[in-house]
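Shown next, in structure tokens, is the structure this report addresses.
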Amino acid sequence: LASREVKGEPSVIRISDTVAIGGPEIIVMAGPCSVESEEQIIETAKAVKAAGAQVLRGGAFKPRTSPYSFQGLEEEGLKLLAKAREVTGLPIVTEVVNPETADLVAEYADILQIGARNAQNFALLKKVGQLNRPVLLKRGMSMTIQEFLMSAEYVMSEGNQRVILCERGIRTFETATRNTLDLSAIPVLKQMTHLPVVADPSHGTGNYHYVAPMSLAAVAGGADGLMIEVHPDPERASSDGPQSLKPKKFDALMARLRLVAGAV
Ligand code: PEP
Ligand code: MN
């Protein structure tokens, strides 16, 4: 169902009245890794909107590697995201970590994110395939492109055709970066599928220094959009501080992105 052979022209996925992904406009989804407080999410939402982002991201249910790490504000976090949407008008993307809480997350979210750790959680993929929300599907950290596309098929074969693919870096032997952002996956996926493709240079590199160059490279390489972590005070972030941009740096990146987007 995801194949170009089945559908020749690229899919444009409508997120809200004003936002669509897969069309001419590069869509930037920005915000903190985790929703931490009302003040934090509202301040970040206003900042990313002012910089030109079209979608607010924020984790309420967090799939942490360690059970002792911050697990997210859960429903309280979803409520704060809804409040930030009310204030800014930005649609929200947030992660769903298990089938049991998927309906709850779908009540609040405009886009359901499936994280790298759940990219082959087939019960979860089938569940979001039955929900009426676009799905941002992240590539698993050890997934081949073929396996990634099979995960998209799990969602689509349940009836939900609105799948956005996200390259977020894979495990390689290289340790200078948290993951290796597989930039070549972008043109490969664009050739193989009609689905929109976005890149996540925040998780792809794990280091805020590299987020701007990799964002520009991803857009130059044909990405339909980006997911970027932004935090007003990265040093104090509950998760992923080292890869989060401060609003000022994000704003500068958005200005450069417009130049690259206009040139490709
Ligand atoms: C996230 O978006 O904060 C996240 C946990 O991403 P990933 O699943 O790509 O690690
Ligand atoms: Mn994160």
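Ordered as shown in the structure tokens, chains take letters A, B, and onward, while each chain numbers its residues from 1 and ligands are numbered from 1 in the order shown.
Selecting all polymer residues at most 8 Å from ligand 2, using only C-alpha atoms and all ligand atoms, gives Pro32, Cys33, Ser34, Gly59, Ser202, His203, Glu229, Ser239 and Asp240 of chain A.
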Store the residues picked out above in a file with N, CA and C atoms, as a CSV table (one decimal), in the first residue's frame.
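Output saved as again03.csv:
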```csv
chain,number,residue,atom,x,y,z
A,32,PRO,N,9.6,20.5,22.8
A,32,PRO,CA,10.5,19.8,23.8
A,32,PRO,C,10.3,18.3,23.6
A,33,CYS,N,11.3,17.6,24.0
A,33,CYS,CA,11.2,16.1,24.1
A,33,CYS,C,10.1,15.8,24.9
A,34,SER,N,10.0,16.2,26.2
A,34,SER,CA,8.9,15.9,27.1
A,34,SER,C,8.2,17.2,27.5
A,59,GLY,N,6.4,15.2,24.3
A,59,GLY,CA,6.1,13.9,24.7
A,59,GLY,C,5.3,13.9,26.1
A,202,SER,N,17.5,15.8,15.6
A,202,SER,CA,17.8,15.8,17.1
A,202,SER,C,18.1,14.5,17.6
A,203,HIS,N,17.2,13.5,17.4
A,203,HIS,CA,17.6,12.1,17.8
A,203,HIS,C,18.6,11.5,16.9
A,229,GLU,N,13.9,19.1,18.3
A,229,GLU,CA,13.6,19.3,19.7
A,229,GLU,C,14.1,20.7,20.1
A,239,SER,N,14.4,15.4,29.7
A,239,SER,CA,15.0,14.4,28.7
A,239,SER,C,15.5,15.1,27.5
A,240,ASP,N,16.6,14.5,26.9
A,240,ASP,CA,17.2,14.9,25.7
A,240,ASP,C,17.6,16.4,25.6
```
Using 9 Å as the limit and counting only C-alpha atoms and all ligand atoms, can you tabulate each residue of chain A that touches ligand 1, with its shortest atom-to-atom distance in Å and the two atoms involved, as JSON lines?
```
{"residue": "A:Pro32", "atom": "CA", "partner": "ligand 1", "partner_atom_place_in_ligand_line": "3 (O)", "distance": 8.0}
{"residue": "A:Cys33", "atom": "CA", "partner": "ligand 1", "partner_atom_place_in_ligand_line": "3 (O)", "distance": 4.6}
{"residue": "A:Ser34", "atom": "CA", "partner": "ligand 1", "partner_atom_place_in_ligand_line": "3 (O)", "distance": 6.9}
{"residue": "A:Arg57", "atom": "CA", "partner": "ligand 1", "partner_atom_place_in_ligand_line": "2 (O)", "distance": 8.2}
{"residue": "A:Gly58", "atom": "CA", "partner": "ligand 1", "partner_atom_place_in_ligand_line": "3 (O)", "distance": 7.5}
{"residue": "A:Gly59", "atom": "CA", "partner": "ligand 1", "partner_atom_place_in_ligand_line": "3 (O)", "distance": 6.2}
{"residue": "A:Lys62", "atom": "CA", "partner": "ligand 1", "partner_atom_place_in_ligand_line": "5 (C)", "distance": 6.6}
{"residue": "A:Pro63", "atom": "CA", "partner": "ligand 1", "partner_atom_place_in_ligand_line": "5 (C)", "distance": 6.1}
{"residue": "A:Arg64", "atom": "CA", "partner": "ligand 1", "partner_atom_place_in_ligand_line": "5 (C)", "distance": 7.3}
{"residue": "A:Thr94", "atom": "CA", "partner": "ligand 1", "partner_atom_place_in_ligand_line": "2 (O)", "distance": 8.1}
{"residue": "A:Glu95", "atom": "CA", "partner": "ligand 1", "partner_atom_place_in_ligand_line": "2 (O)", "distance": 7.3}
{"residue": "A:Gln113", "atom": "CA", "partner": "ligand 1", "partner_atom_place_in_ligand_line": "2 (O)", "distance": 7.8}
{"residue": "A:Ile114", "atom": "CA", "partner": "ligand 1", "partner_atom_place_in_ligand_line": "8 (O)", "distance": 6.9}
{"residue": "A:Gly115", "atom": "CA", "partner": "ligand 1", "partner_atom_place_in_ligand_line": "8 (O)", "distance": 3.3}
{"residue": "A:Ala116", "atom": "CA", "partner": "ligand 1", "partner_atom_place_in_ligand_line": "8 (O)", "distance": 3.7}
{"residue": "A:Arg117", "atom": "CA", "partner": "ligand 1", "partner_atom_place_in_ligand_line": "8 (O)", "distance": 5.7}
{"residue": "A:Asn118", "atom": "CA", "partner": "ligand 1", "partner_atom_place_in_ligand_line": "8 (O)", "distance": 7.5}
{"residue": "A:Ala119", "atom": "CA", "partner": "ligand 1", "partner_atom_place_in_ligand_line": "8 (O)", "distance": 8.3}
{"residue": "A:Leu137", "atom": "CA", "partner": "ligand 1", "partner_atom_place_in_ligand_line": "8 (O)", "distance": 9.0}
{"residue": "A:Lys138", "atom": "CA", "partner": "ligand 1", "partner_atom_place_in_ligand_line": "9 (O)", "distance": 5.9}
{"residue": "A:Arg139", "atom": "CA", "partner": "ligand 1", "partner_atom_place_in_ligand_line": "9 (O)", "distance": 7.2}
{"residue": "A:Gly140", "atom": "CA", "partner": "ligand 1", "partner_atom_place_in_ligand_line": "9 (O)", "distance": 7.6}
{"residue": "A:Met141", "atom": "CA", "partner": "ligand 1", "partner_atom_place_in_ligand_line": "9 (O)", "distance": 7.9}
{"residue": "A:Cys166", "atom": "CA", "partner": "ligand 1", "partner_atom_place_in_ligand_line": "9 (O)", "distance": 8.3}
{"residue": "A:Glu167", "atom": "CA", "partner": "ligand 1", "partner_atom_place_in_ligand_line": "9 (O)", "distance": 8.2}
{"residue": "A:Arg168", "atom": "CA", "partner": "ligand 1", "partner_atom_place_in_ligand_line": "9 (O)", "distance": 5.3}
{"residue": "A:Gly169", "atom": "CA", "partner": "ligand 1", "partner_atom_place_in_ligand_line": "9 (O)", "distance": 7.7}
{"residue": "A:Asp200", "atom": "CA", "partner": "ligand 1", "partner_atom_place_in_ligand_line": "9 (O)", "distance": 7.5}
{"residue": "A:Ser202", "atom": "CA", "partner": "ligand 1", "partner_atom_place_in_ligand_line": "2 (O)", "distance": 8.6}
{"residue": "A:His203", "atom": "CA", "partner": "ligand 1", "partner_atom_place_in_ligand_line": "9 (O)", "distance": 5.8}
{"residue": "A:Gly204", "atom": "CA", "partner": "ligand 1", "partner_atom_place_in_ligand_line": "9 (O)", "distance": 7.8}
{"residue": "A:Met227", "atom": "CA", "partner": "ligand 1", "partner_atom_place_in_ligand_line": "2 (O)", "distance": 8.1}
{"residue": "A:Ile228", "atom": "CA", "partner": "ligand 1", "partner_atom_place_in_ligand_line": "2 (O)", "distance": 8.8}
{"residue": "A:Glu229", "atom": "CA", "partner": "ligand 1", "partner_atom_place_in_ligand_line": "3 (O)", "distance": 7.9}
{"residue": "A:Ser239", "atom": "CA", "partner": "ligand 1", "partner_atom_place_in_ligand_line": "3 (O)", "distance": 8.1}
{"residue": "A:Asp240", "atom": "CA", "partner": "ligand 1", "partner_atom_place_in_ligand_line": "3 (O)", "distance": 7.5}
```
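Secondary structure from DSSP on the backbone puts strand (DSSP E) at the following positions of stretch 129-223 of chain A: A:Val135, A:Leu136, A:Leu137, A:Lys138, A:Val163, A:Ile164, A:Leu165, A:Cys166, A:Glu167, A:Val197, A:Val198, A:Ala199.
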In stretch 1-94 of chain A, what's helix (DSSP H, G or I) per DSSP? Answer as a ChimeraX atom specification? /A:38-51,75-88
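Considering only C-alpha atoms, the residue among A:Val230, A:Ala220, A:Leu124, A:Val55 positioned nearest to A:Ala263 is A:Ala220.
Interatomic distance, atom CA of A:Val19 against atom CA of A:Asn132: 16.7 Å.
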Write out as JSON, numbers by chain which residues come within 12 Å of A:Leu189 when counting only C-alpha atoms, dropping same-chain ones fewer than 2 positions away. {"A": [2, 3, 4, 10, 139, 144, 145, 146, 147, 148, 149, 152, 164, 165, 166, 167, 182, 183, 184, 185, 186, 187, 191, 192, 193, 194, 195, 196, 197, 198, 199, 221, 222, 223, 224]}
